[in-house]
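> File upload04.txt below, compact mmCIF, C-alpha atoms:
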```txt
# COMPACT_ATOMS: atom_id res chain seq x y z
CA GLN A 112 31.09 24.93 -37.64
CA LEU A 113 33.86 24.36 -35.11
CA VAL A 114 32.09 21.24 -33.80
CA TRP A 115 31.79 19.81 -37.31
CA LEU A 116 35.42 20.76 -37.90
CA LEU A 117 36.50 18.72 -34.87
CA VAL A 118 34.43 15.75 -36.07
CA GLY A 119 36.05 15.97 -39.49
CA VAL A 120 39.56 16.25 -38.07
CA SER A 121 38.95 13.16 -35.92
CA LEU A 122 37.77 11.11 -38.90
CA PHE A 123 40.71 12.30 -41.00
CA ALA A 124 43.14 11.40 -38.20
CA ILE A 125 42.09 7.73 -38.01
CA PRO A 126 43.87 6.69 -41.29
CA LEU A 127 47.13 7.88 -39.70
CA LEU A 128 47.11 4.57 -37.79
CA TRP A 129 47.87 2.58 -40.95
CA THR A 130 49.72 5.21 -42.97
CA VAL A 131 53.09 4.05 -44.34
CA TRP A 132 55.42 6.82 -43.23
CA THR A 133 57.40 7.68 -46.33
CA ASP A 134 58.92 11.15 -46.69
CA TYR A 135 55.98 12.23 -48.81
CA ALA A 136 53.43 10.83 -46.33
CA VAL A 137 55.08 12.70 -43.46
CA GLU A 138 55.09 15.96 -45.41
CA LYS A 139 51.53 15.53 -46.62
CA SER A 140 50.08 14.58 -43.22
CA SER A 141 51.88 17.38 -41.39
CA ARG A 142 50.55 19.97 -43.83
CA MET A 143 47.05 18.50 -43.71
CA PHE A 144 46.74 18.91 -39.95
CA THR A 145 48.45 22.31 -39.79
CA LEU A 146 48.23 24.61 -42.82
CA SER A 147 45.19 23.03 -44.50
CA LEU A 148 43.33 22.80 -41.20
CA LEU A 149 44.21 26.42 -40.46
CA ALA A 150 42.86 27.46 -43.87
CA PHE A 151 39.44 26.12 -42.90
CA ALA A 152 39.44 27.28 -39.29
CA ALA A 153 40.88 30.78 -39.72
CA PRO A 154 37.85 32.35 -41.47
CA LEU A 155 35.59 31.10 -38.68
CA LEU A 156 37.64 33.14 -36.24
CA LEU A 157 38.84 36.13 -38.27
CA ILE A 158 35.87 37.09 -40.48
CA ALA A 159 33.30 38.55 -38.11
CA GLU A 160 31.81 41.56 -39.90
CA ARG A 161 30.60 42.61 -43.32
CA ASP A 162 33.60 44.87 -43.76
CA ASP A 163 35.97 41.97 -43.07
CA LEU A 164 34.41 39.92 -45.87
CA ARG A 165 34.44 42.80 -48.32
CA LEU A 166 38.07 43.62 -47.57
CA PHE A 167 39.04 39.97 -47.94
CA ARG A 168 37.35 39.85 -51.37
CA ARG A 169 39.09 42.99 -52.55
CA ALA A 170 42.48 42.01 -51.15
CA LEU A 171 42.38 38.57 -52.75
CA THR A 172 41.34 40.06 -56.10
CA VAL A 173 44.15 42.63 -55.99
CA ILE A 174 46.78 40.03 -55.07
CA ALA A 175 45.60 37.74 -57.87
CA LEU A 176 45.63 40.65 -60.32
CA MET A 177 49.19 41.51 -59.32
CA ILE A 178 50.29 37.94 -60.10
CA ALA A 179 48.55 38.09 -63.48
CA ALA A 180 50.06 41.53 -64.18
CA ASP A 181 53.55 40.20 -63.45
CA ALA A 182 52.99 37.40 -65.96
CA MET A 183 51.64 39.86 -68.55
CA TYR A 184 54.76 41.97 -68.14
CA THR A 185 56.92 38.88 -68.66
CA LEU A 186 54.90 37.97 -71.75
CA TRP A 187 55.24 41.49 -73.14
CA THR A 188 58.99 41.80 -72.59
CA GLU A 189 60.00 38.25 -73.53
CA MET A 190 57.58 37.50 -76.36
CA GLY A 191 59.38 35.55 -79.06
CA THR A 192 62.24 34.51 -76.77
CA PHE A 193 60.53 31.62 -74.92
CA LYS A 194 62.05 28.19 -75.30
CA GLU A 195 60.11 25.64 -77.34
CA GLU A 196 58.57 23.81 -74.37
CA ALA A 197 58.19 26.90 -72.16
CA ARG A 198 54.90 27.99 -70.60
CA LEU A 199 54.04 31.35 -69.09
CA THR A 200 54.52 31.78 -65.32
CA ALA A 201 54.68 34.67 -62.90
CA THR A 202 57.83 35.44 -60.93
CA GLY A 203 58.38 32.79 -58.26
CA SER A 204 55.17 30.99 -59.28
CA GLY A 205 54.05 28.04 -61.38
CA THR A 206 51.79 27.61 -64.37
CA ILE A 207 48.82 26.26 -62.42
CA ALA A 208 49.16 28.95 -59.75
CA LEU A 209 49.14 31.61 -62.48
CA GLY A 210 46.06 30.10 -64.11
CA ARG A 211 44.20 30.00 -60.81
CA ALA A 212 45.26 33.53 -59.85
CA SER A 213 44.05 34.89 -63.20
CA GLY A 214 40.72 33.13 -62.70
CA ILE A 215 40.38 34.55 -59.18
CA ALA A 216 41.02 38.07 -60.49
CA LEU A 217 38.50 37.62 -63.30
CA ILE A 218 35.78 36.45 -60.90
CA GLY A 219 36.46 39.50 -58.74
CA PHE A 220 35.76 41.72 -61.75
CA LEU A 221 32.68 39.73 -62.80
CA VAL A 222 30.82 40.31 -59.54
CA ALA A 223 31.94 43.94 -59.12
CA ARG A 224 29.25 46.60 -59.35
CA GLY A 225 29.23 50.33 -59.95
CA LYS A 226 26.91 53.24 -60.52
CA ARG A 227 27.67 53.57 -64.24
CA ARG A 228 26.53 50.49 -66.12
CA TRP A 229 28.55 51.16 -69.28
CA LEU A 230 31.74 51.58 -67.28
CA ARG A 231 31.07 48.37 -65.36
CA LEU A 232 30.48 46.39 -68.57
CA LEU A 233 33.62 47.87 -70.16
CA MET A 234 35.68 46.89 -67.12
CA LYS A 235 34.36 43.32 -67.17
CA ALA A 236 34.90 42.95 -70.92
CA THR A 237 38.47 44.24 -70.61
CA ALA A 238 39.20 41.83 -67.75
CA LEU A 239 37.83 38.96 -69.84
CA LEU A 240 39.93 39.86 -72.89
CA VAL A 241 43.10 40.25 -70.81
CA LEU A 242 42.91 37.52 -68.16
CA VAL A 243 41.57 34.61 -70.24
CA PRO A 244 44.56 34.85 -72.64
CA VAL A 245 46.86 34.79 -69.60
CA ILE A 246 45.20 31.57 -68.41
CA PHE A 247 45.62 30.12 -71.91
CA ALA A 248 49.27 31.25 -72.07
CA SER A 249 49.98 29.43 -68.81
CA GLY A 250 48.99 26.17 -70.49
CA SER A 251 46.85 25.26 -67.47
CA ARG A 252 43.83 23.31 -68.67
CA GLY A 253 42.14 23.03 -65.28
CA PRO A 254 41.79 26.80 -64.62
CA LEU A 255 40.64 27.40 -68.20
CA MET A 256 37.92 24.76 -67.90
CA ALA A 257 36.98 26.00 -64.43
CA ILE A 258 36.58 29.63 -65.53
CA GLY A 259 34.33 28.48 -68.37
CA VAL A 260 32.09 26.60 -65.94
CA THR A 261 32.07 29.59 -63.58
CA LEU A 262 31.06 32.00 -66.34
CA VAL A 263 28.13 29.78 -67.33
CA LEU A 264 26.92 29.56 -63.73
CA PHE A 265 27.37 33.30 -63.22
CA PHE A 266 24.94 34.11 -66.02
CA LEU A 267 22.46 31.26 -65.61
CA MET A 268 22.09 31.75 -61.86
CA PHE A 269 22.37 35.50 -61.43
CA ASN A 270 21.98 37.23 -64.81
CA ALA A 271 19.46 35.39 -66.99
CA ARG A 272 16.18 37.04 -66.07
CA THR A 273 15.65 39.52 -68.92
CA LEU A 274 16.21 39.59 -72.66
CA LYS A 275 18.93 42.21 -72.21
CA GLN A 276 20.80 39.95 -69.81
CA TRP A 277 20.58 37.05 -72.27
CA LEU A 278 22.03 39.29 -74.98
CA VAL A 279 24.88 40.24 -72.64
CA MET A 280 25.49 36.54 -71.99
CA ILE A 281 25.68 35.80 -75.73
CA LEU A 282 28.07 38.71 -76.17
CA THR A 283 30.19 37.35 -73.31
CA VAL A 284 30.41 33.97 -75.03
CA GLY A 285 31.70 35.76 -78.12
CA LEU A 286 34.23 37.71 -76.08
CA PHE A 287 35.38 34.50 -74.41
CA GLY A 288 35.98 32.96 -77.83
CA LEU A 289 37.86 36.08 -78.94
CA ALA A 290 39.96 35.91 -75.77
CA LEU A 291 40.90 32.31 -76.59
CA LEU A 292 41.96 33.39 -80.09
CA ILE A 293 44.12 36.12 -78.57
CA GLY A 294 45.60 33.48 -76.29
CA THR A 295 46.58 31.29 -79.22
CA GLU A 296 48.44 34.23 -80.77
CA ILE A 297 50.37 35.44 -77.72
CA ALA A 298 50.97 32.18 -75.81
CA PRO A 299 54.43 30.55 -75.77
CA GLU A 300 54.76 27.55 -78.05
CA GLY A 301 54.76 25.11 -75.14
CA SER A 302 51.39 26.36 -73.85
CA ARG A 303 49.86 26.50 -77.33
CA SER A 304 50.95 22.96 -78.15
CA ARG A 305 49.68 21.64 -74.81
CA MET A 306 46.23 23.16 -75.35
CA GLU A 307 45.99 22.03 -78.97
CA GLU A 308 47.05 18.48 -78.12
CA SER A 309 44.47 18.31 -75.33
CA ILE A 310 41.74 19.15 -77.82
CA ARG A 311 43.05 17.04 -80.71
CA ASN A 312 44.02 13.84 -78.88
CA ASP A 313 41.90 11.28 -77.05
CA PRO A 314 42.71 11.57 -73.30
CA PHE A 315 42.15 7.81 -72.93
CA GLU A 316 44.86 7.08 -75.52
CA ASP A 317 48.30 6.79 -73.95
CA THR A 318 50.60 8.68 -76.33
CA ARG A 319 53.66 10.86 -75.90
CA GLU A 320 51.76 13.92 -77.12
CA ASN A 321 49.01 13.35 -74.59
CA ALA A 322 51.08 11.92 -71.75
CA SER A 323 49.85 14.30 -69.04
CA ALA A 324 46.12 13.75 -69.60
CA SER A 325 46.42 10.00 -70.20
CA THR A 326 48.54 9.56 -67.06
CA ARG A 327 45.91 11.28 -64.95
CA ILE A 328 43.15 9.16 -66.48
CA ARG A 329 45.11 6.02 -65.59
CA ALA A 330 45.72 7.36 -62.09
CA LEU A 331 41.98 7.87 -61.61
CA LYS A 332 41.21 4.35 -62.84
CA ILE A 333 43.75 2.80 -60.49
CA SER A 334 42.54 4.92 -57.57
CA VAL A 335 38.87 4.09 -58.08
CA LYS A 336 39.63 0.38 -58.46
CA LYS A 337 41.76 0.27 -55.32
CA GLY A 338 39.44 2.52 -53.29
CA ALA A 339 36.42 0.35 -54.10
CA VAL A 340 37.96 -2.57 -52.18
CA THR A 341 39.60 -0.55 -49.38
CA PRO A 342 36.84 0.96 -47.21
CA LEU A 343 39.29 2.09 -44.50
CA GLY A 344 41.65 3.73 -46.99
CA ILE A 345 45.29 3.00 -47.72
CA GLY A 346 46.62 5.82 -45.51
CA TRP A 347 47.56 9.37 -46.33
CA GLY A 348 50.18 9.56 -49.07
CA GLY A 349 49.62 5.91 -49.98
CA PHE A 350 48.95 6.59 -53.65
CA ALA A 351 52.58 7.65 -54.18
CA GLY A 352 53.78 4.18 -53.20
CA MET A 353 51.02 2.47 -55.16
CA ALA A 354 51.80 4.17 -58.48
CA GLN A 355 55.56 4.75 -58.43
CA GLU A 356 55.98 3.74 -62.08
CA MET A 357 53.59 6.52 -63.17
CA GLY A 358 55.81 9.27 -61.79
CA ILE A 359 53.04 11.08 -59.88
CA THR A 360 52.31 11.15 -56.15
CA TYR A 361 48.56 11.84 -56.10
CA PRO A 362 45.59 11.13 -58.40
CA HIS A 363 44.88 14.79 -59.24
CA ASN A 364 41.30 14.55 -57.99
CA LEU A 365 40.41 15.73 -54.49
CA ILE A 366 37.34 13.53 -53.98
CA VAL A 367 39.01 10.37 -55.29
CA GLU A 368 42.13 11.11 -53.25
CA ILE A 369 40.16 11.33 -49.99
CA PHE A 370 38.14 8.18 -50.72
CA LEU A 371 41.29 6.24 -51.63
CA GLU A 372 43.66 7.34 -48.87
CA GLY A 373 41.25 8.35 -46.11
CA GLY A 374 38.54 5.78 -46.62
CA TRP A 375 34.85 5.73 -47.37
CA VAL A 376 33.67 7.56 -44.23
CA PRO A 377 35.86 10.68 -44.66
CA GLY A 378 35.08 10.61 -48.38
CA ALA A 379 31.33 10.46 -47.76
CA LEU A 380 31.60 13.26 -45.19
CA VAL A 381 33.43 15.49 -47.66
CA LEU A 382 30.88 14.77 -50.42
CA LEU A 383 28.03 15.59 -48.06
CA ALA A 384 29.75 18.80 -46.95
CA PHE A 385 30.29 19.91 -50.56
CA TYR A 386 26.67 19.17 -51.47
CA VAL A 387 25.15 20.97 -48.47
CA ILE A 388 27.41 24.01 -48.60
CA PHE A 389 27.17 24.52 -52.36
CA ARG A 390 23.40 24.05 -52.34
CA ARG A 391 22.82 26.47 -49.50
CA SER A 392 25.38 28.96 -50.79
CA ALA A 393 23.75 29.02 -54.25
CA LYS A 394 20.31 29.50 -52.75
CA HIS A 395 21.58 32.23 -50.47
CA ALA A 396 23.39 34.10 -53.23
CA ARG A 397 20.33 34.02 -55.49
CA ALA A 398 18.08 35.28 -52.69
CA THR A 399 20.27 38.10 -51.41
CA ARG A 400 21.94 39.06 -54.73
CA SER A 401 24.85 40.25 -52.59
CA VAL A 402 28.23 40.81 -54.27
CA ASN A 403 30.02 38.98 -51.46
CA ASP A 404 27.64 36.00 -51.53
CA GLN A 405 27.92 35.63 -55.30
CA TRP A 406 31.70 35.98 -55.12
CA ILE A 407 32.05 33.28 -52.45
CA PHE A 408 29.86 30.85 -54.39
CA LEU A 409 31.46 31.43 -57.80
CA LEU A 410 35.02 31.35 -56.49
CA ALA A 411 34.29 28.17 -54.53
CA VAL A 412 32.95 26.56 -57.73
CA PHE A 413 36.05 27.70 -59.62
CA MET A 414 38.38 26.21 -57.03
CA PHE A 415 36.30 23.02 -56.73
CA VAL A 416 36.53 22.32 -60.46
CA ASN A 417 40.28 22.93 -60.30
CA ALA A 418 40.58 20.50 -57.39
CA GLN A 419 39.05 17.70 -59.47
CA VAL A 420 41.66 17.87 -62.22
CA SER A 421 44.86 19.09 -60.58
CA GLY A 422 46.76 19.14 -57.32
CA ASP A 423 46.59 17.15 -54.08
CA PHE A 424 44.75 17.76 -50.80
CA ASN A 425 47.12 20.48 -49.62
CA ASP A 426 47.00 22.43 -52.89
CA ASN A 427 43.38 23.49 -52.33
CA ARG A 428 43.53 25.56 -49.14
CA LEU A 429 41.69 28.49 -50.68
CA LEU A 430 38.78 26.13 -51.39
CA TYR A 431 38.62 25.15 -47.71
CA ALA A 432 38.63 28.79 -46.63
CA LEU A 433 35.80 29.58 -49.06
CA LEU A 434 33.75 26.63 -47.83
CA ALA A 435 34.13 27.90 -44.27
CA LEU A 436 33.03 31.39 -45.34
CA ALA A 437 30.06 30.01 -47.28
CA SER A 438 28.92 27.95 -44.30
CA MET A 439 29.16 31.03 -42.08
CA VAL A 440 27.25 33.35 -44.38
CA CYS A 441 24.33 31.00 -45.06
CA MET A 442 23.85 29.62 -41.54
CA HIS A 443 20.37 31.12 -41.37
CA ASP A 444 17.50 29.83 -43.47
CA VAL A 445 17.02 32.22 -46.40
CA SER A 446 13.26 31.77 -46.69
CA LYS A 447 12.75 32.71 -43.04
CA LEU A 448 14.99 35.75 -43.34
CA ARG A 449 13.05 37.02 -46.33
CA LYS A 450 9.70 36.56 -44.57
CA LYS A 451 10.64 37.97 -41.22
CA PRO A 452 13.63 40.34 -41.34
CA ALA A 453 15.00 41.67 -38.09
CA ALA A 454 15.24 45.39 -37.50
CA MET A 455 18.37 47.24 -36.42
CA PRO A 456 18.06 49.85 -33.68
CA ALA A 457 18.33 53.37 -35.02
CA THR A 458 21.01 54.45 -32.55
CA GLY A 459 23.72 52.84 -30.51
CA ALA A 460 23.74 49.68 -32.63
CA ALA A 461 26.85 47.59 -32.96
CA THR A 462 28.27 46.67 -36.34
CA PRO A 463 26.36 43.67 -37.76
CA THR A 464 28.20 40.38 -37.76
CA ILE A 465 28.22 37.72 -40.45
CA GLY A 466 25.43 35.92 -38.64
CA ASN A 467 22.92 38.74 -39.12
CA ILE A 468 24.18 40.40 -42.27
CA HIS A 469 21.15 39.44 -44.31
CA SER A 470 18.60 39.66 -41.52
CA VAL A 471 18.71 43.47 -41.65
CA THR A 472 16.56 45.28 -44.19
CA LYS A 473 17.86 48.12 -46.32
CA GLU A 474 15.60 50.58 -44.53
CA ALA A 475 16.90 49.57 -41.12
CA ALA A 476 20.50 49.74 -42.37
CA LYS A 477 19.94 53.29 -43.60
CA ALA A 478 18.43 54.23 -40.22
```
Since I need it in another form, could you write the structure as structure tokens?

Amino acid sequence: QLVWLLVGVSLFAIPLLWTVWTDYAVEKSSRMFTLSLLAFAAPLLLIAERDDLRLFRRALTVIALMIAADAMYTLWTEMGTFKEEARLTATGSGTIALGRASGIALIGFLVARGKRRWLRLLMKATALLVLVPVIFASGSRGPLMAIGVTLVLFFLMFNARTLKQWLVMILTVGLFGLALLIGTEIAPEGSRSRMEESIRNDPFEDTRENASASTRIRALKISVKKGAVTPLGIGWGGFAGMAQEMGITYPHNLIVEIFLEGGWVPGALVLLAFYVIFRRSAKHARATRSVNDQWIFLLAVFMFVNAQVSGDFNDNRLLYALLALASMVCMHDVSKLRKKPAAMPATGAATPTIGNIHSVTKEAAKA
């Protein structure tokens, strides 16, 4: 992974040669090659054992839940006092960050397991009825759409084998709809209007009521048109100078942004990386049925969908960390591991690392 990381960094560094160094370009490039790069590289160095991965999952879920809880407290204490255009946020946070944090917390509950089935189902249903309204109240359309996609994948890929599981999935769809209704009742007027206008209006029609969606559609059209004739890219941060009249500095689509500013080669590399990692991660999670594997895959999907509708390259660092984790966990071929599992010595054995987590059978682990 480190070798591929160096190759990727080299390809991403080439467009710096023709980048126009505006203030935004300097800020964006410096964060790309420091914080964003660190987000991808850190898991390769820090997550070495099963316990590390489990603790990371639990810690991230707890932090996300704390952010959502802060917003719920604000909603409870200030309900009816929000300004007309206000949207729900957590303390020191933004609307999109709140929507993503609530989605992260919900995914943590979805994959959680316990000895008592009824208690586990009750916990998941409660999380769904509480956290989905928070996402709706934030007025963030990307996280709401992403959590819907993630829920569908969660059931179709991991919980659609028996009639009982299909009934649970149908019940979950009903609960999701009920959660949206709760959201419409408790959300500030600004969030409710934003969601309703997104459903009612045509995103391709440039109107005042639908300005946000229509602006992003136009940004995508301009980016695709310019990127199609610029194989080397226009340089990092170049979109901001290209679309000054639109009032936005990036096209709100990670793939399009990389193709436009970085060029066709970095864009193709990123597409290939997404395809390979998601494909192998999905296969691995289905084969092992591990909580951690399912969590990594589902959360990566959630963040990937978000990255295609909101934010710039540096707003998606959690996605890069999850991709690094997914590539680590599914390095080994799943079919071979299932056919020929390795045994762990009964005594004096070291703690298994990520590389051999799933090459140890349950019997050997007990021994």
> Take CA of Phe247 (chain A) and CA of Leu286 (chain A) and report the distance between them in Å, one decimal.
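So the answer is 14.3 Å.
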> Work out how far apart CA of Ala212 (chain A) and CA of Ile310 (chain A) are and give it in Å to one decimal.
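Taking CA of Ala212 (chain A) as the start and CA of Ile310 (chain A) as the end point, the length is 23.3 Å.
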> So the first atom is CA of Arg198 (chain A) and the second is CA of Ile366 (chain A); what is the distance between them in Å, to one decimal place?
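Computed distance, CA of Arg198 (chain A) to CA of Ile366 (chain A), equals 28.2 Å.
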> For Ile258 (chain A), which of A:Phe413, A:Tyr431, A:Phe151, A:Tyr361 is the closest residue, counting all atoms listed in the file?
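Closest candidate: A:Phe413.
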> Between A:Thr360, A:Leu156, A:Ser438, A:Gly219, which residue has the minimum interatomic distance to Ile388 (chain A), considering only C-alpha atoms?
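Closest residue, counting only C-alpha atoms: A:Ser438.
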> Box time for region 358-371 of chain A: axis-aligned, enclosing all its listed atoms, 4 Å extra on each side; report centre and edge lengths in Å to one decimal, as JSON.

```
{"center_x": 46.6, "center_y": 11.0, "center_z": -55.9, "size_x": 26.5, "size_y": 17.5, "size_z": 19.8}
```
> So, with all atoms listed in the file as the atoms that count, which of A:Leu233, A:Ala159, A:Val245, A:Ala197 lies closest to Ala216 (chain A)?
A:Val245
> Which is closer to Glu189 (chain A) than all the others in A:Met177, A:Leu127, A:Ala298, A:Leu116, using all atoms listed in the file?
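Looking only at the distances to Glu189 (chain A), the closest residue turns out to be A:Ala298.
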> Taking (50.3, 36.5, -66.3) in the file's coordinates, which residues come within 10 Å, counting all atoms listed in the file, written as a PyMOL selection string?
chain A and resi 175-187+199-202+206+209-210+212-213+241-249
> Counting only C-alpha atoms, write as number ranges by chain all protein and nucleic acid residues lying at most 10 Å from (36.0, 30.2, -67.6) in the file's frame.
A: 214, 217-218, 239, 243, 246, 253-264, 287, 413
> Which is closer to Ala238 (chain A) than all the others in A:Leu221, A:Ala418, A:Val118, A:Leu380, using only C-alpha atoms?
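Nearest candidate to Ala238 (chain A) out of A:Leu221, A:Ala418, A:Val118, A:Leu380: A:Leu221.
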> What's around Lys332 (chain A) at 12 Å? Count all atoms listed in the file, leave out sequence neighbours fewer than 6 positions away in its own chain, and write the answer as a JSON list (two decimals) with C-alpha atoms, keeping the file's coordinate frame.

```json
[["chain", "number", "residue", "atom", "x", "y", "z"],
["A", 315, "PHE", "CA", 42.15, 7.81, -72.93],
["A", 325, "SER", "CA", 46.42, 10.00, -70.20],
["A", 326, "THR", "CA", 48.54, 9.56, -67.06],
["A", 338, "GLY", "CA", 39.44, 2.52, -53.29],
["A", 339, "ALA", "CA", 36.42, 0.35, -54.10],
["A", 354, "ALA", "CA", 51.80, 4.17, -58.48],
["A", 362, "PRO", "CA", 45.59, 11.13, -58.40],
["A", 363, "HIS", "CA", 44.88, 14.79, -59.24],
["A", 364, "ASN", "CA", 41.30, 14.55, -57.99],
["A", 367, "VAL", "CA", 39.01, 10.37, -55.29],
["A", 368, "GLU", "CA", 42.13, 11.11, -53.25],
["A", 371, "LEU", "CA", 41.29, 6.24, -51.63]]
```
> Nearest to Gly250 (chain A) among A:Pro299, A:Ala236, A:Leu331, A:Pro342, with distances taken over all atoms listed in the file: which residue is it?
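Among A:Pro299, A:Ala236, A:Leu331, A:Pro342, it is A:Pro299 that comes nearest to Gly250 (chain A).
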